[in-house]
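J.: Here you go, this is start_12.pdb (PDB, C-alpha atoms).
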```
ATOM      1  CA  MET A   1      38.938 -66.587 -26.623
ATOM      2  CA  ASN A   2      40.948 -68.542 -24.117
ATOM      3  CA  VAL A   3      39.905 -70.612 -21.127
ATOM      4  CA  ILE A   4      41.099 -68.180 -18.440
ATOM      5  CA  PHE A   5      39.010 -65.376 -19.888
ATOM      6  CA  LEU A   6      35.960 -67.651 -19.983
ATOM      7  CA  ILE A   7      36.411 -68.718 -16.353
ATOM      8  CA  LEU A   8      36.924 -65.149 -15.125
ATOM      9  CA  ALA A   9      33.995 -63.870 -17.172
ATOM     10  CA  ALA A  10      31.789 -66.635 -15.772
ATOM     11  CA  ILE A  11      32.849 -65.747 -12.202
ATOM     12  CA  SER A  12      32.084 -62.060 -12.795
ATOM     13  CA  VAL A  13      28.716 -62.657 -14.429
ATOM     14  CA  VAL A  14      27.577 -65.273 -11.893
ATOM     15  CA  GLY A  15      28.696 -63.078  -8.981
ATOM     16  CA  THR A  16      26.959 -59.942 -10.230
ATOM     17  CA  ALA A  17      23.810 -61.814 -11.257
ATOM     18  CA  ALA A  18      23.615 -63.448  -7.838
ATOM     19  CA  ALA A  19      24.224 -60.076  -6.170
ATOM     20  CA  MET A  20      21.215 -58.675  -7.995
ATOM     21  CA  SER A  21      18.876 -61.645  -7.570
ATOM     22  CA  LEU A  22      19.415 -63.255  -4.151
ATOM     23  CA  ARG A  23      16.855 -62.659  -1.439
ATOM     24  CA  ASN A  24      19.054 -62.106   1.614
ATOM     25  CA  ALA A  25      20.862 -58.745   1.384
ATOM     26  CA  VAL A  26      24.017 -60.003   3.126
ATOM     27  CA  HIS A  27      24.258 -62.879   0.648
ATOM     28  CA  CYS A  28      23.904 -60.278  -2.122
ATOM     29  CA  VAL A  29      26.925 -58.374  -0.826
ATOM     30  CA  LEU A  30      28.974 -61.583  -0.560
ATOM     31  CA  ALA A  31      28.083 -62.420  -4.176
ATOM     32  CA  LEU A  32      29.010 -58.839  -5.095
ATOM     33  CA  THR A  33      32.536 -59.347  -3.711
ATOM     34  CA  LEU A  34      32.826 -62.489  -5.853
ATOM     35  CA  GLY A  35      31.816 -60.602  -8.990
ATOM     36  CA  LEU A  36      34.122 -57.663  -8.265
ATOM     37  CA  THR A  37      37.046 -60.016  -7.600
ATOM     38  CA  GLY A  38      36.409 -61.652 -10.966
ATOM     39  CA  THR A  39      36.535 -58.251 -12.635
ATOM     40  CA  ALA A  40      39.767 -57.439 -10.777
ATOM     41  CA  ALA A  41      41.286 -60.646 -12.138
ATOM     42  CA  LEU A  42      40.214 -59.541 -15.625
ATOM     43  CA  TYR A  43      42.112 -56.277 -15.062
ATOM     44  CA  LEU A  44      45.172 -58.321 -14.138
ATOM     45  CA  GLN A  45      44.750 -60.273 -17.358
ATOM     46  CA  LEU A  46      44.619 -56.994 -19.287
ATOM     47  CA  SER A  47      47.998 -56.112 -17.652
ATOM     48  CA  ALA A  48      46.506 -53.310 -15.570
ATOM     49  CA  GLN A  49      47.834 -54.629 -12.257
ATOM     50  CA  PHE A  50      47.530 -51.393 -10.323
ATOM     51  CA  VAL A  51      43.864 -50.979 -11.241
ATOM     52  CA  GLY A  52      43.187 -54.603 -10.339
ATOM     53  CA  PHE A  53      44.597 -54.248  -6.846
ATOM     54  CA  THR A  54      42.939 -50.853  -6.406
ATOM     55  CA  GLN A  55      39.676 -52.528  -7.357
ATOM     56  CA  ILE A  56      40.181 -55.210  -4.705
ATOM     57  CA  MET A  57      41.127 -52.679  -2.024
ATOM     58  CA  VAL A  58      38.444 -50.093  -2.757
ATOM     59  CA  TYR A  59      35.484 -52.140  -3.974
ATOM     60  CA  VAL A  60      35.924 -55.441  -2.170
ATOM     61  CA  GLY A  61      37.599 -53.941   0.880
ATOM     62  CA  ALA A  62      35.733 -50.706   1.436
ATOM     63  CA  VAL A  63      32.506 -50.477  -0.553
ATOM     64  CA  ALA A  64      31.315 -54.008   0.268
ATOM     65  CA  ILE A  65      32.089 -53.576   3.976
ATOM     66  CA  LEU A  66      30.274 -50.227   3.942
ATOM     67  CA  ALA A  67      27.251 -51.908   2.338
ATOM     68  CA  VAL A  68      27.299 -54.667   4.976
ATOM     69  CA  PHE A  69      27.365 -52.035   7.727
ATOM     70  CA  ALA A  70      24.448 -50.194   6.121
ATOM     71  CA  ILE A  71      22.480 -53.456   5.849
ATOM     72  CA  MET A  72      23.124 -54.256   9.502
ATOM     73  CA  MET A  73      22.116 -50.758  10.643
ATOM     74  CA  THR A  74      18.894 -50.806   8.646
ATOM     75  CA  HIS A  75      17.905 -54.377   9.429
ATOM     76  CA  GLN A  76      14.495 -54.917  10.922
ATOM     77  CA  PRO A  77      13.135 -58.373  11.670
ATOM     78  CA  GLU A  78       9.856 -58.764   9.859
ATOM     79  CA  PRO A  79       7.473 -61.655  10.246
ATOM     80  CA  SER A  80       6.154 -61.281   6.704
ATOM     81  CA  LYS A  81       8.917 -61.033   4.159
ATOM     82  CA  PRO A  82       8.264 -58.442   1.466
ATOM     83  CA  PRO A  83       8.881 -59.500  -2.139
ATOM     84  CA  THR A  84      12.455 -59.077  -3.340
ATOM     85  CA  PHE A  85      11.582 -57.304  -6.560
ATOM     86  CA  SER A  86       9.585 -54.195  -7.217
ATOM     87  CA  THR A  87       6.039 -54.290  -8.551
ATOM     88  CA  PHE A  88       7.135 -53.187 -12.004
ATOM     89  CA  TRP A  89       9.998 -55.700 -12.249
ATOM     90  CA  ALA A  90       8.977 -56.829 -15.745
ATOM     91  CA  TRP A  91       9.473 -53.321 -17.129
ATOM     92  CA  GLY A  92      12.890 -53.078 -15.498
ATOM     93  CA  GLY A  93      13.879 -56.402 -17.020
ATOM     94  CA  ILE A  94      12.672 -55.309 -20.456
ATOM     95  CA  VAL A  95      14.623 -52.042 -20.243
ATOM     96  CA  ALA A  96      17.818 -53.832 -19.160
ATOM     97  CA  ALA A  97      17.456 -56.511 -21.854
ATOM     98  CA  SER A  98      16.902 -53.905 -24.561
ATOM     99  CA  VAL A  99      19.920 -51.891 -23.382
ATOM    100  CA  PHE A 100      22.013 -55.054 -23.594
ATOM    101  CA  SER A 101      20.730 -55.892 -27.078
ATOM    102  CA  VAL A 102      21.481 -52.389 -28.379
ATOM    103  CA  LEU A 103      24.978 -52.476 -26.857
ATOM    104  CA  ALA A 104      25.682 -55.970 -28.203
ATOM    105  CA  TRP A 105      24.431 -54.953 -31.653
ATOM    106  CA  ALA A 106      26.687 -51.882 -31.665
ATOM    107  CA  ILE A 107      29.704 -53.892 -30.454
ATOM    108  CA  HIS A 108      29.131 -56.656 -32.978
ATOM    109  CA  PHE A 109      29.011 -54.356 -35.991
ATOM    110  CA  SER A 110      31.702 -51.931 -34.878
ATOM    111  CA  PRO A 111      35.019 -52.122 -36.747
ATOM    112  CA  VAL A 112      36.839 -50.874 -33.633
ATOM    113  CA  SER A 113      36.097 -54.026 -31.677
ATOM    114  CA  ARG A 114      38.117 -56.254 -34.009
ATOM    115  CA  GLN A 115      41.481 -54.595 -33.715
ATOM    116  CA  PRO A 116      44.385 -56.589 -32.314
ATOM    117  CA  PRO A 117      45.886 -55.676 -28.950
ATOM    118  CA  SER A 118      48.786 -53.277 -28.759
ATOM    119  CA  PRO A 119      52.157 -54.609 -27.680
ATOM    120  CA  GLN A 120      52.452 -55.282 -23.977
ATOM    121  CA  PRO A 121      52.662 -51.893 -22.265
ATOM    122  CA  ASP A 122      55.080 -51.289 -19.425
ATOM    123  CA  THR A 123      52.854 -50.219 -16.554
ATOM    124  CA  SER A 124      54.904 -50.273 -13.407
ATOM    125  CA  VAL A 125      53.602 -48.522 -10.315
ATOM    126  CA  ARG A 126      56.530 -46.112 -10.712
ATOM    127  CA  GLN A 127      55.222 -44.969 -14.093
ATOM    128  CA  ILE A 128      51.713 -44.571 -12.752
ATOM    129  CA  GLY A 129      53.062 -42.505  -9.881
ATOM    130  CA  ASP A 130      55.071 -40.361 -12.312
ATOM    131  CA  ALA A 131      51.990 -39.767 -14.427
ATOM    132  CA  LEU A 132      49.899 -38.927 -11.363
ATOM    133  CA  MET A 133      52.482 -36.443 -10.131
ATOM    134  CA  HIS A 134      53.189 -34.744 -13.461
ATOM    135  CA  ARG A 135      50.572 -35.008 -16.153
ATOM    136  CA  PHE A 136      47.536 -35.786 -13.984
ATOM    137  CA  VAL A 137      48.388 -33.768 -10.881
ATOM    138  CA  LEU A 138      45.442 -31.372 -11.188
ATOM    139  CA  PRO A 139      42.844 -34.165 -11.494
ATOM    140  CA  LEU A 140      44.521 -35.877  -8.528
ATOM    141  CA  GLU A 141      44.169 -32.763  -6.371
ATOM    142  CA  ILE A 142      40.557 -32.281  -7.426
ATOM    143  CA  MET A 143      39.905 -35.924  -6.590
ATOM    144  CA  GLY A 144      41.378 -35.469  -3.119
ATOM    145  CA  LEU A 145      39.183 -32.418  -2.545
ATOM    146  CA  LEU A 146      36.129 -34.294  -3.807
ATOM    147  CA  LEU A 147      36.811 -37.313  -1.580
ATOM    148  CA  THR A 148      37.251 -35.085   1.476
ATOM    149  CA  ALA A 149      34.041 -33.202   0.735
ATOM    150  CA  ALA A 150      32.145 -36.429   0.041
ATOM    151  CA  LEU A 151      33.279 -38.136   3.258
ATOM    152  CA  ILE A 152      32.526 -35.093   5.431
ATOM    153  CA  GLY A 153      29.172 -34.780   3.670
ATOM    154  CA  ALA A 154      28.395 -38.470   4.245
ATOM    155  CA  VAL A 155      29.120 -38.112   7.973
ATOM    156  CA  VAL A 156      26.986 -34.967   8.213
ATOM    157  CA  ILE A 157      24.082 -36.590   6.355
ATOM    158  CA  ALA A 158      24.198 -39.813   8.361
ATOM    159  CA  MET A 159      24.669 -38.082  11.737
ATOM    160  CA  ASP A 160      21.895 -38.460  14.266
ATOM    161  CA  ARG A 161      20.590 -34.952  14.950
ATOM    162  CA  LYS A 162      18.422 -35.730  17.973
ATOM    163  CA  GLU A 163      20.968 -34.309  20.427
ATOM    164  CA  GLU A 164      21.007 -30.981  18.621
ATOM    165  CA  ILE A 165      17.256 -30.594  18.830
ATOM    166  CA  LYS A 166      17.104 -31.169  22.588
TER     167      LYS A 166
ATOM    168  CA  MET B 167      44.871 -62.952 -26.303
ATOM    169  CA  ASN B 168      41.207 -62.204 -26.563
ATOM    170  CA  SER B 169      39.720 -59.703 -28.923
ATOM    171  CA  LEU B 170      38.378 -56.397 -27.716
ATOM    172  CA  GLN B 171      34.926 -57.591 -28.686
ATOM    173  CA  ASN B 172      34.777 -60.199 -25.907
ATOM    174  CA  TYR B 173      35.674 -57.686 -23.234
ATOM    175  CA  LEU B 174      33.132 -55.173 -24.555
ATOM    176  CA  LEU B 175      30.401 -57.814 -24.647
ATOM    177  CA  LEU B 176      31.196 -58.926 -21.089
ATOM    178  CA  SER B 177      31.160 -55.317 -19.965
ATOM    179  CA  ALA B 178      27.790 -54.711 -21.651
ATOM    180  CA  LEU B 179      26.404 -57.813 -19.928
ATOM    181  CA  LEU B 180      27.647 -56.685 -16.503
ATOM    182  CA  PHE B 181      26.226 -53.214 -17.139
ATOM    183  CA  SER B 182      22.822 -54.663 -18.040
ATOM    184  CA  ILE B 183      22.769 -56.876 -14.938
ATOM    185  CA  GLY B 184      23.565 -53.849 -12.775
ATOM    186  CA  LEU B 185      20.915 -51.772 -14.573
ATOM    187  CA  ALA B 186      18.300 -54.491 -14.092
ATOM    188  CA  GLY B 187      19.161 -54.730 -10.399
ATOM    189  CA  ALA B 188      19.042 -50.960  -9.940
ATOM    190  CA  LEU B 189      15.645 -50.845 -11.639
ATOM    191  CA  ILE B 190      13.859 -53.791 -10.022
ATOM    192  CA  ARG B 191      15.249 -54.326  -6.504
ATOM    193  CA  ARG B 192      13.155 -53.033  -3.624
ATOM    194  CA  ASN B 193      15.961 -52.634  -1.095
ATOM    195  CA  ALA B 194      17.600 -49.193  -1.451
ATOM    196  CA  ILE B 195      21.065 -50.517  -0.513
ATOM    197  CA  LEU B 196      20.913 -53.108  -3.286
ATOM    198  CA  VAL B 197      19.845 -50.436  -5.773
ATOM    199  CA  LEU B 198      23.015 -48.549  -4.808
ATOM    200  CA  ILE B 199      25.030 -51.745  -5.309
ATOM    201  CA  GLY B 200      23.490 -52.054  -8.778
ATOM    202  CA  ILE B 201      24.747 -48.553  -9.602
ATOM    203  CA  GLU B 202      28.201 -49.575  -8.353
ATOM    204  CA  LEU B 203      28.090 -52.585 -10.684
ATOM    205  CA  MET B 204      27.289 -50.298 -13.622
ATOM    206  CA  LEU B 205      30.298 -48.118 -12.771
ATOM    207  CA  ASN B 206      32.403 -51.262 -12.503
ATOM    208  CA  ALA B 207      31.335 -52.391 -15.982
ATOM    209  CA  ALA B 208      32.297 -48.968 -17.345
ATOM    210  CA  ASN B 209      35.727 -49.379 -15.729
ATOM    211  CA  LEU B 210      36.202 -52.686 -17.509
ATOM    212  CA  ASN B 211      35.397 -50.891 -20.778
ATOM    213  CA  LEU B 212      37.975 -48.193 -20.044
ATOM    214  CA  ILE B 213      40.707 -50.708 -19.267
ATOM    215  CA  ALA B 214      39.892 -52.816 -22.354
ATOM    216  CA  PHE B 215      39.989 -49.787 -24.658
ATOM    217  CA  TRP B 216      43.270 -48.689 -23.070
ATOM    218  CA  ARG B 217      44.859 -52.122 -23.599
ATOM    219  CA  PHE B 218      43.689 -52.421 -27.212
ATOM    220  CA  GLY B 219      44.126 -48.745 -28.079
ATOM    221  CA  PRO B 220      46.884 -47.287 -30.211
ATOM    222  CA  ASN B 221      48.986 -45.774 -27.434
ATOM    223  CA  PRO B 222      48.856 -47.720 -24.148
ATOM    224  CA  ALA B 223      52.081 -46.114 -22.910
ATOM    225  CA  ALA B 224      50.202 -42.859 -22.259
ATOM    226  CA  LEU B 225      48.320 -44.561 -19.380
ATOM    227  CA  THR B 226      45.179 -42.490 -19.929
ATOM    228  CA  GLY B 227      42.803 -45.439 -19.571
ATOM    229  CA  VAL B 228      44.438 -46.545 -16.334
ATOM    230  CA  MET B 229      44.199 -43.018 -14.910
ATOM    231  CA  PHE B 230      40.565 -42.762 -15.966
ATOM    232  CA  ALA B 231      39.797 -46.080 -14.258
ATOM    233  CA  ILE B 232      41.568 -45.047 -11.040
ATOM    234  CA  PHE B 233      39.641 -41.766 -10.877
ATOM    235  CA  SER B 234      36.416 -43.585 -11.678
ATOM    236  CA  ILE B 235      37.015 -46.026  -8.801
ATOM    237  CA  SER B 236      37.576 -43.072  -6.455
ATOM    238  CA  ILE B 237      34.347 -41.436  -7.619
ATOM    239  CA  ALA B 238      32.538 -44.739  -7.035
ATOM    240  CA  ALA B 239      33.881 -44.913  -3.471
ATOM    241  CA  ALA B 240      32.752 -41.348  -2.735
ATOM    242  CA  GLU B 241      29.363 -42.083  -4.288
ATOM    243  CA  ALA B 242      28.945 -45.217  -2.159
ATOM    244  CA  ALA B 243      29.749 -43.303   1.034
ATOM    245  CA  VAL B 244      27.325 -40.458   0.287
ATOM    246  CA  GLY B 245      24.623 -42.819  -1.005
ATOM    247  CA  LEU B 246      24.745 -45.063   2.055
ATOM    248  CA  GLY B 247      24.674 -41.969   4.275
ATOM    249  CA  ILE B 248      21.533 -40.771   2.510
ATOM    250  CA  ILE B 249      19.973 -44.239   2.879
ATOM    251  CA  LEU B 250      20.752 -44.226   6.616
ATOM    252  CA  ALA B 251      19.190 -40.776   7.003
ATOM    253  CA  ALA B 252      16.092 -41.865   5.083
ATOM    254  CA  TYR B 253      15.877 -45.038   7.168
ATOM    255  CA  ARG B 254      16.054 -43.053  10.400
ATOM    256  CA  HIS B 255      13.188 -40.943   9.129
ATOM    257  CA  SER B 256      10.844 -43.538   7.655
ATOM    258  CA  ARG B 257      12.075 -46.761   9.384
ATOM    259  CA  THR B 258      12.285 -48.660   6.094
ATOM    260  CA  THR B 259      14.657 -49.225   3.186
ATOM    261  CA  ASP B 260      11.896 -50.558   0.968
ATOM    262  CA  LEU B 261      11.678 -48.231  -2.010
ATOM    263  CA  ASP B 262       8.046 -49.128  -2.696
ATOM    264  CA  GLN B 263       7.127 -47.793   0.749
ATOM    265  CA  MET B 264       9.162 -44.592   0.475
ATOM    266  CA  ASN B 265       6.454 -42.641  -1.272
ATOM    267  CA  SER B 266       6.389 -39.302   0.474
ATOM    268  CA  LEU B 267       8.671 -36.314   0.019
ATOM    269  CA  LYS B 268       7.292 -34.349   2.941
ATOM    270  CA  GLY B 269       9.180 -34.716   6.207
TER     271      GLY B 269
END
```
Mind turning this structure into structure tokens?
T.:
Amino acid sequence: MNVIFLILAAISVVGTAAAMSLRNAVHCVLALTLGLTGTAALYLQLSAQFVGFTQIMVYVGAVAILAVFAIMMTHQPEPSKPPTFSTFWAWGGIVAASVFSVLAWAIHFSPVSRQPPSPQPDTSVRQIGDALMHRFVLPLEIMGLLLTAALIGAVVIAMDRKEEIK
Amino acid sequence: MNSLQNYLLLSALLFSIGLAGALIRRNAILVLIGIELMLNAANLNLIAFWRFGPNPAALTGVMFAIFSISIAAAEAAVGLGIILAAYRHSRTTDLDQMNSLKG
């Protein structure tokens, strides 16, 4: 376990934990970008550069901005602040902690998790593009169709229908 | 180089944090962000298994992660659209106050 991994893991964990525990929703999204950037740096360390930069562009660039817009559009000033956590927060915490203990137990006793890394793979963007255009072309097309349908559907769902009714 | 175990443990921790947030936050947008964090932890698992797997030249883990990120983006767009529609209807994003299915 080297120092860089520890630093990046600490950034990811602190960012995600802050994103799930802070009171102000905008602060939560800012902490979320920190955590996602830490994970992107971990991808870079695992020599998956393309995925790391895709992560920064899609998650940090698009999803976080979308969440900020949604927070701004649903913001209402309230004199009495409601509690941050739900009424059954203890049960949620117990469920999450037990999921983590089961996962950690399985990882600790699994023989798979002790194998050494493979030799450094050559993952240029050219090779990824080749794979996307030859071996994975059908999933790519389906993904394009799904993204189009999802974005049109999101616009239709979020559209204000008051004009139609009048 | 780290062992696969460290990456899997970190990924399990991130997944549990996201799960806890999705279960206990009251704000619907932050619940959606918790689900995004769970997807993100799964991506880290995919990349780690690809890097430590027997045949990294096949690029399957990288492809899986790229498609998973696209699915997460589509899910965020649709989820935030649904939250906006629900907010326009009930004027709140507090999940403890959204307790009626009838329009």
J.: Using only C-alpha atoms, which chain A residues lie at most 6 Å away from chain B, written as an MDAnalysis selection string?
T.: chainID A and resid 1 20 85:86 89 92:93 96 100 113 117:118 121 147 150 154 157:158
J.: Can you turn the PyMOL selection byres ((chain A and resi 53) around 12) into a concrete residue list for this file, as JSON, numbers by chain?
T.: {"A": [36, 37, 38, 39, 40, 41, 42, 43, 44, 47, 48, 49, 50, 51, 52, 54, 55, 56, 57, 58, 59, 60, 61, 125], "B": [232, 235]}
J.: May I ask for the distance between atom CA of A:Val26 and atom CA of A:Val68, given in Å to one decimal place?
T.: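 Going from atom CA of A:Val26 over to atom CA of A:Val68, I get 6.5 Å.
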J.: In Å, rounded to a single decimal, give me how far atom CA of A:Val29 is from atom CA of A:Ile65.
T.: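 Going from atom CA of A:Ile65 over to atom CA of A:Val29 covers 8.5 Å.
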J.: Any chance you could work out the axis-aligned box around stretch 138-149 of chain A, listed atoms only, 4 Å on each side, giving centre and edge lengths in Å to one decimal, as lines of an AutoDock Vina configuration file?
T.:
```
center_x = 39.7
center_y = -34.3
center_z = -5.0
size_x = 19.4
size_y = 13.9
size_z = 21.0
```
J.: Mind pulling up the distance from atom CA of A:Gln45 to atom CA of A:Arg135?
T.: 26.0 Å
J.: Give the answer as one residue: which of A:Met73, A:Ala97, A:Leu46, A:Ala104 has the shortest atom-to-atom distance to A:Thr123, using only C-alpha atoms?
T.: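 So, comparing all the options, the nearest one is A:Leu46.
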